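Next comes run.txt, with compact mmCIF, C-alpha atoms (C1' of nucleotides).
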# COMPACT_ATOMS: atom_id res chain seq x y z
CA MET A 286 87.95 107.36 75.32
CA ARG A 287 90.86 106.89 73.01
CA LEU A 288 93.13 109.74 72.05
CA THR A 289 94.14 110.22 68.48
CA HIS A 290 97.84 110.32 67.78
CA GLU A 291 97.32 113.95 66.92
CA GLN A 292 95.89 114.81 70.33
CA PHE A 293 98.66 113.10 72.21
CA ARG A 294 101.26 114.71 70.03
CA GLU A 295 99.91 118.13 70.91
CA LEU A 296 99.80 117.31 74.60
CA ALA A 297 103.33 115.99 74.61
CA ALA A 298 104.63 118.96 72.65
CA LYS A 299 103.00 121.33 75.10
CA HIS A 300 104.93 119.65 77.91
CA GLY A 301 108.17 119.30 75.98
CA LEU A 302 108.07 115.54 75.62
CA ALA A 303 109.19 113.53 72.64
CA VAL A 304 106.42 111.39 71.18
CA THR A 305 106.99 107.68 71.04
CA HIS A 306 104.61 104.85 70.45
CA GLN A 307 105.27 103.46 73.94
CA ARG A 308 104.57 106.80 75.56
CA GLN A 309 101.32 107.17 73.78
CA VAL A 310 100.14 103.72 74.75
CA VAL A 311 101.17 104.13 78.38
CA TYR A 312 99.42 107.45 78.63
CA GLU A 313 96.29 106.12 77.00
CA ALA A 314 96.23 103.16 79.32
CA VAL A 315 96.14 105.48 82.32
CA ILE A 316 93.49 107.73 80.85
CA ALA A 317 91.31 105.01 79.44
CA SER A 318 90.86 103.26 82.76
CA HIS A 319 89.54 105.82 85.18
CA GLY A 320 90.69 105.53 88.73
CA HIS A 321 93.96 105.14 90.54
CA HIS A 322 96.31 102.62 89.12
CA SER A 323 99.52 100.93 90.03
CA PRO A 324 102.44 100.72 87.60
CA GLU A 325 101.95 96.96 87.47
CA SER A 326 98.35 97.20 86.36
CA ILE A 327 99.24 99.77 83.75
CA TYR A 328 102.05 97.52 82.62
CA ALA A 329 99.58 94.68 82.21
CA ALA A 330 97.23 96.84 80.18
CA VAL A 331 99.96 98.19 77.96
CA ARG A 332 101.34 94.74 77.24
CA ARG A 333 98.12 93.81 75.55
CA ARG A 334 99.03 96.35 72.87
CA ILE A 335 102.83 96.16 73.03
CA PRO A 336 103.73 92.71 74.31
CA SER A 337 107.45 93.44 74.21
CA ILE A 338 107.35 96.57 76.36
CA SER A 339 109.59 96.67 79.41
CA LEU A 340 108.37 97.37 82.91
CA ALA A 341 111.16 99.91 83.24
CA THR A 342 109.75 101.84 80.32
CA VAL A 343 106.40 102.04 82.05
CA TYR A 344 108.03 103.32 85.22
CA ASN A 345 110.20 105.76 83.30
CA ASN A 346 107.32 107.24 81.43
CA LEU A 347 104.95 107.41 84.37
CA ARG A 348 107.58 109.37 86.24
CA LEU A 349 108.07 111.63 83.25
CA PHE A 350 104.35 112.24 82.94
CA ILE A 351 104.08 113.03 86.64
CA GLU A 352 107.04 115.39 86.51
CA CYS A 353 105.62 117.44 83.69
CA GLY A 354 102.12 117.49 85.10
CA LEU A 355 100.42 115.20 82.63
CA LEU A 356 99.51 112.84 85.43
CA ARG A 357 99.06 113.21 89.12
CA GLU A 358 100.74 111.07 91.71
CA VAL A 359 98.31 109.60 94.18
CA THR A 360 100.96 108.55 96.66
CA PRO A 361 102.87 111.77 97.04
CA HIS A 362 104.29 110.71 100.37
CA ALA A 363 107.69 109.40 101.08
CA SER A 364 107.64 105.79 100.06
CA THR A 365 108.58 104.62 103.50
CA LEU A 366 106.54 104.51 106.65
CA ARG A 367 106.60 107.57 108.87
CA VAL A 368 105.35 107.59 112.37
CA ASP A 369 103.99 110.44 114.46
CA GLY A 370 103.91 110.47 118.22
CA ASN A 371 101.46 113.38 118.28
CA ILE A 372 98.00 111.85 118.50
CA LYS A 373 96.19 115.05 119.31
CA PRO A 374 93.99 116.13 116.40
CA HIS A 375 96.12 117.99 113.89
CA HIS A 376 96.69 118.01 110.18
CA HIS A 377 99.61 117.70 107.85
CA LEU A 378 101.21 119.87 105.26
CA VAL A 379 103.09 117.72 102.80
CA CYS A 380 105.52 118.86 100.15
CA SER A 381 104.72 117.14 96.87
CA ARG A 382 108.33 117.37 95.77
CA CYS A 383 110.51 116.47 98.73
CA LYS A 384 107.78 114.68 100.73
CA SER A 385 108.54 116.54 103.93
CA VAL A 386 105.70 116.67 106.44
CA GLN A 387 104.90 119.49 108.84
CA ASP A 388 102.10 119.69 111.35
CA ILE A 389 99.48 122.35 110.81
CA GLU A 390 96.87 123.65 113.21
CA GLY A 391 93.57 125.33 112.66
CA GLU A 392 89.96 124.81 111.73
CA PHE A 393 89.98 125.26 108.01
CA ILE A 394 87.63 122.42 107.08
CA ASP A 395 83.92 122.92 106.66
CA PHE A 396 82.78 119.56 107.97
CA ASN A 397 79.18 120.23 107.08
CA ARG A 398 79.96 120.64 103.44
CA LEU A 399 82.47 117.84 103.51
CA SER A 400 80.05 115.35 105.00
CA ARG A 401 77.51 116.19 102.32
CA GLN A 402 80.03 114.94 99.77
CA LEU A 403 80.96 111.78 101.60
CA PRO A 404 79.87 108.47 100.13
CA ASP A 405 77.47 106.57 102.29
CA GLY A 406 79.09 104.81 105.21
CA PHE A 407 82.42 106.59 105.14
CA ASP A 408 83.54 107.17 108.70
CA LEU A 409 85.20 110.48 109.55
CA THR A 410 85.26 110.20 113.32
CA GLN A 411 89.01 110.79 113.45
CA PRO A 412 89.59 112.93 110.42
CA LEU A 413 93.11 113.55 109.28
CA ILE A 414 93.58 116.06 106.53
CA GLU A 415 96.69 116.30 104.43
CA VAL A 416 97.28 119.35 102.32
CA PHE A 417 99.79 119.01 99.52
CA GLY A 418 101.81 121.83 98.07
CA LEU A 419 105.35 122.98 97.57
CA CYS A 420 107.51 123.81 100.55
CA ARG A 421 109.57 126.96 100.49
CA ARG A 422 112.82 125.21 99.75
CA CYS A 423 111.49 123.22 96.79
CA ARG A 424 109.68 126.23 95.47
CA ALA A 425 112.91 128.21 95.51
CA LYS A 426 114.72 125.50 93.56
CA THR A 427 112.42 125.68 90.57
CA MET B 285 110.72 114.63 127.59
CA ARG B 286 111.41 111.22 128.99
CA LEU B 287 108.65 109.00 130.28
CA THR B 288 109.08 107.24 133.56
CA HIS B 289 108.62 103.50 133.51
CA GLU B 290 105.51 104.10 135.53
CA GLN B 291 103.95 106.37 132.90
CA PHE B 292 104.64 103.99 130.06
CA ARG B 293 103.31 101.10 132.09
CA GLU B 294 100.02 102.93 132.57
CA LEU B 295 99.79 103.87 128.93
CA ALA B 296 100.50 100.32 127.78
CA ALA B 297 98.03 98.87 130.24
CA LYS B 298 95.35 101.25 129.02
CA HIS B 299 95.88 99.91 125.51
CA GLY B 300 96.22 96.29 126.52
CA LEU B 301 99.91 95.95 125.73
CA ALA B 302 102.46 93.98 127.69
CA VAL B 303 105.34 96.11 128.92
CA THR B 304 108.80 95.18 127.81
CA HIS B 305 112.01 97.08 127.98
CA GLN B 306 112.27 97.16 124.18
CA ARG B 307 108.77 98.54 123.83
CA GLN B 308 109.40 101.27 126.28
CA VAL B 309 112.60 102.33 124.58
CA VAL B 310 111.04 102.26 121.10
CA TYR B 311 108.09 104.31 122.25
CA GLU B 312 110.30 106.82 124.01
CA ALA B 313 112.47 107.18 120.95
CA VAL B 314 109.45 108.20 118.90
CA ILE B 315 108.12 110.60 121.49
CA ALA B 316 111.45 112.11 122.44
CA SER B 317 112.27 113.21 118.93
CA HIS B 318 109.38 115.29 117.72
CA GLY B 319 108.48 115.01 114.09
CA HIS B 320 107.84 112.26 111.62
CA HIS B 321 110.26 109.42 111.68
CA SER B 322 111.10 106.39 109.67
CA PRO B 323 111.50 102.98 111.27
CA GLU B 324 115.17 103.08 110.30
CA SER B 325 115.83 106.31 112.16
CA ILE B 326 113.98 105.03 115.20
CA TYR B 327 116.00 101.85 114.98
CA ALA B 328 119.19 103.90 114.99
CA ALA B 329 118.08 105.87 118.03
CA VAL B 330 116.98 102.81 119.94
CA ARG B 331 120.23 101.02 119.25
CA ARG B 332 122.09 103.63 121.21
CA ARG B 333 120.29 102.33 124.28
CA ILE B 334 119.84 98.67 123.30
CA PRO B 335 122.63 97.83 120.86
CA SER B 336 121.40 94.28 120.41
CA ILE B 337 117.84 95.16 119.38
CA SER B 338 116.55 93.75 116.13
CA LEU B 339 115.07 95.82 113.34
CA ALA B 340 112.15 93.43 113.25
CA THR B 341 111.36 94.27 116.85
CA VAL B 342 111.19 97.93 115.98
CA TYR B 343 108.83 97.23 113.10
CA ASN B 344 106.72 94.87 115.20
CA ASN B 345 106.29 97.34 117.98
CA LEU B 346 105.68 100.34 115.78
CA ARG B 347 102.91 98.42 114.09
CA LEU B 348 101.49 97.44 117.45
CA PHE B 349 101.58 101.01 118.69
CA ILE B 350 99.85 102.20 115.55
CA GLU B 351 97.19 99.53 115.78
CA CYS B 352 96.23 100.39 119.31
CA GLY B 353 96.34 104.12 118.72
CA LEU B 354 99.47 104.99 120.67
CA LEU B 355 101.07 106.33 117.51
CA ARG B 356 99.78 107.67 114.27
CA GLU B 357 100.86 106.49 110.87
CA VAL B 358 101.96 109.32 108.61
CA THR B 359 101.99 107.27 105.42
CA PRO B 360 98.53 105.78 105.44
CA HIS B 361 98.60 105.25 101.70
CA ALA B 362 99.13 102.08 99.80
CA SER B 363 102.82 101.39 99.74
CA THR B 364 102.96 101.38 95.98
CA LEU B 365 102.69 104.24 93.57
CA ARG B 366 99.26 105.11 92.27
CA VAL B 367 98.66 107.34 89.35
CA ASP B 368 95.69 109.49 88.48
CA GLY B 369 94.87 110.69 85.00
CA ASN B 370 92.40 113.24 86.30
CA ILE B 371 94.31 116.50 86.62
CA LYS B 372 91.28 118.68 87.11
CA PRO B 373 91.16 120.03 90.67
CA HIS B 374 89.62 117.45 92.93
CA HIS B 375 90.39 115.87 96.26
CA HIS B 376 90.83 112.41 97.64
CA LEU B 377 89.13 110.35 100.26
CA VAL B 378 91.50 107.71 101.55
CA CYS B 379 90.68 104.76 103.74
CA SER B 380 93.22 104.51 106.53
CA ARG B 381 92.72 100.78 106.76
CA CYS B 382 92.55 99.40 103.24
CA LYS B 383 94.19 102.40 101.54
CA SER B 384 91.55 102.69 98.85
CA VAL B 385 91.26 106.10 97.22
CA GLN B 386 88.10 107.74 95.93
CA ASP B 387 87.72 111.12 94.33
CA ILE B 388 85.68 113.71 96.16
CA GLU B 389 84.24 116.98 94.91
CA GLY B 390 83.23 120.12 96.68
CA GLU B 391 84.49 123.28 98.29
CA PHE B 392 84.96 122.30 101.88
CA ILE B 393 88.24 124.07 102.55
CA ASP B 394 88.41 127.56 103.95
CA PHE B 395 91.47 128.73 102.10
CA ASN B 396 91.57 132.02 103.96
CA ARG B 397 91.93 130.32 107.28
CA LEU B 398 94.24 127.74 105.86
CA SER B 399 96.61 130.25 104.37
CA ARG B 400 96.84 132.05 107.69
CA GLN B 401 98.28 128.82 109.13
CA LEU B 402 100.73 128.18 106.35
CA PRO B 403 104.41 128.56 107.10
CA ASP B 404 106.09 131.29 105.14
CA GLY B 405 106.85 130.37 101.57
CA PHE B 406 104.66 127.31 101.31
CA ASP B 407 103.09 127.23 97.87
CA LEU B 408 99.47 126.13 97.57
CA THR B 409 98.82 127.07 93.97
CA GLN B 410 97.72 123.54 93.12
CA PRO B 411 96.27 122.33 96.37
CA LEU B 412 95.45 118.70 96.77
CA ILE B 413 93.60 117.70 99.89
CA GLU B 414 93.41 114.18 101.18
CA VAL B 415 90.91 113.30 103.81
CA PHE B 416 91.52 110.11 105.75
CA GLY B 417 88.87 108.02 107.36
CA LEU B 418 87.37 104.57 107.31
CA CYS B 419 85.54 103.37 104.23
CA ARG B 420 82.22 101.63 104.62
CA ARG B 421 83.61 98.16 104.08
CA CYS B 422 86.42 98.49 106.62
CA ARG B 423 84.11 100.12 109.11
CA ALA B 424 81.73 97.19 108.84
CA LYS B 425 84.51 94.72 109.51
CA THR B 426 85.43 96.12 112.91
C1' DC C 198 113.16 76.03 143.30
C1' DG C 199 112.36 74.03 138.84
C1' DA C 200 109.17 72.84 134.97
C1' DT C 201 106.03 74.70 131.75
C1' DC C 202 103.68 77.60 128.57
C1' DG C 203 102.68 81.61 126.03
C1' DT C 204 104.75 85.77 124.51
C1' DT C 205 108.53 88.50 122.84
C1' DT C 206 112.68 89.04 120.65
C1' DT C 207 116.28 87.86 117.55
C1' DA C 208 118.40 86.39 113.37
C1' DT C 209 117.81 85.65 108.95
C1' DA C 210 115.63 84.55 104.71
C1' DC C 211 112.42 86.20 101.54
C1' DT C 212 109.26 89.06 98.76
C1' DG C 213 107.88 92.79 95.99
C1' DA C 214 108.40 97.49 94.35
C1' DT C 215 111.38 100.42 92.40
C1' DT C 216 115.80 102.05 90.58
C1' DA C 217 120.19 101.61 88.22
C1' DT C 218 122.91 99.95 84.62
C1' DT C 219 124.14 98.82 80.26
C1' DA C 220 123.55 97.36 75.73
C1' DT C 221 120.53 97.71 71.94
C1' DT C 222 117.35 99.95 69.02
C1' DC C 223 115.12 103.78 67.00
C1' DG C 224 114.60 108.12 64.49
C1' DA C 225 116.04 112.33 63.06
C1' DT C 226 119.41 114.70 60.63
C1' DA C 227 123.61 115.51 57.96
C1' DT D 140 123.77 105.76 54.15
C1' DA D 141 126.46 107.13 58.36
C1' DT D 142 126.09 109.25 62.70
C1' DC D 143 124.42 110.88 67.03
C1' DG D 144 121.43 111.42 70.87
C1' DA D 145 117.44 109.81 73.00
C1' DA D 146 114.43 106.01 74.21
C1' DT D 147 113.78 101.34 75.21
C1' DA D 148 114.69 96.59 76.76
C1' DA D 149 116.78 93.29 79.62
C1' DT D 150 118.42 92.44 83.70
C1' DA D 151 120.82 93.15 87.96
C1' DA D 152 120.75 95.52 92.22
C1' DT D 153 118.69 97.86 96.08
C1' DC D 154 115.69 98.77 99.69
C1' DA D 155 111.66 98.54 102.70
C1' DG D 156 109.06 95.61 104.83
C1' DT D 157 107.31 90.85 106.10
C1' DA D 158 107.56 86.01 107.35
C1' DT D 159 109.56 82.35 109.77
C1' DA D 160 111.70 79.74 113.04
C1' DA D 161 114.70 79.36 116.88
C1' DA D 162 116.10 81.27 121.24
C1' DA D 163 115.18 83.97 125.34
C1' DC D 164 112.15 85.76 128.63
C1' DG D 165 108.81 85.93 132.31
C1' DA D 166 104.86 84.75 134.72
C1' DT D 167 102.64 81.02 136.93
C1' DC D 168 101.97 76.60 139.06
C1' DG D 169 103.27 72.48 141.41

Now that the file is in, can you turn its structure into structure tokens?
Amino acid sequence: MRLTHEQFRELAAKHGLAVTHQRQVVYEAVIASHGHHSPESIYAAVRRRIPSISLATVYNNLRLFIECGLLREVTPHASTLRVDGNIKPHHHLVCSRCKSVQDIEGEFIDFNRLSRQLPDGFDLTQPLIEVFGLCRRCRAKT
Amino acid sequence: MRLTHEQFRELAAKHGLAVTHQRQVVYEAVIASHGHHSPESIYAAVRRRIPSISLATVYNNLRLFIECGLLREVTPHASTLRVDGNIKPHHHLVCSRCKSVQDIEGEFIDFNRLSRQLPDGFDLTQPLIEVFGLCRRCRAKT
DNA sequence: CGATCGTTTTATACTGATTATTATTCGATA
DNA sequence: TATCGAATAATAATCAGTATAAAACGATCG
């Protein structure tokens, strides 16, 4: 699955991004390899096509893509460890923007349906659910 | 909410942990301040009672507490950024141990119930749900 | 009481991910 | 072709977390 220059140009225009060769290659590297990738692995892939590219450029552009919704961040948490003294079953509401975490109560998961979707052997004995969205403050800022 | 030495001793014994003054103070600092805290902020709090304590001790003990279930980790993800090119609505299944992420399909969330629990102003227009558990491989290792 | 041994803590060095900085390059436009 | 702003490259700096090794502690045994 390789995008034509034309396709990427359209996509970038739609999100208000200037088109550069580096951007195109970085974006294609993410799309081409399905799954969840680290900046380093994307960097490695991109270097096969642009050996002179800088790691900073990869980081810059990944962040740009995430910000304008072209990509999704798979680690939307704060980058540092957070610890919770509450070990009763409860779930978390996480703000995708500011990474704040609030506890949330309630039975809003259909575990029957969920377990039908689980890959074989996945253990959900102590399920923790995290729901990502935008907290009021960040929503107001937009 | 301050634990007596006696209470902490029991708790530690139940989890097979030796009791030290530092451990007690670290644990109390987490419990006393409700919410989700970084090791640095816990370090700051603990230093008010044990000025000579080392940051490494705080990290060591937090990790211990997490391992034996006394505390819960709120950033169970890989510590590095991961990026997902799939921006169609889908959810994630995350292994709490090895931090691997798989996509998961299906409508297993009761959004009516969920939205009743949401704090005012929280925006769920692009909900992303992450379900934490133990993947088959890590479960086998135990 | 004093020696001993394993554990815990401390101090500090180190690693790895990410960000910041700054100079250079690129590309569009005048 | 000259100019200007944006993007990139190179590299330094930062920050969280981990590893290591020495010192301190504490229980136990003789």

Taking a cut-off of 10 Å and counting all atoms listed in the file, can you build a table that, for each residue of chain B near chain D, reports the nearest atom pair and how far apart they are in Å (one decimal), sorted by chain then residue number, as CSV?
residue,atom,partner,partner_atom,distance
B:Pro323,CA,D:DA155,C1',9.7
B:Glu324,CA,D:DA155,C1',9.5
B:Ala340,CA,D:DT157,C1',9.0
B:Tyr343,CA,D:DG156,C1',8.4
B:Asn344,CA,D:DT157,C1',10.0
B:Ser363,CA,D:DA155,C1',9.7

Counting only C-alpha atoms, a student should be able to say which residues of chain B come within 6 Å of chain A; what is the right answer, written as a PyMOL selection string?
chain B and resi 315+320-322+355-359+365-369+392-394+397-398+405-408+411-420

What does the distance from atom CA of A:Val331 to atom CA of A:His306 come to in Å, to one decimal?
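Atom-to-atom, atom CA of A:Val331 to atom CA of A:His306, that is 11.1 Å.
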
Gap from atom CA of A:Val310 to atom CA of A:Ile335 - Å, one decimal:
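Calculated distance between atom CA of A:Val310 and atom CA of A:Ile335 is 8.2 Å.
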
Atom C1' of C:DT204 and atom CA of B:Cys382 are how many Å apart?
28.1 Å
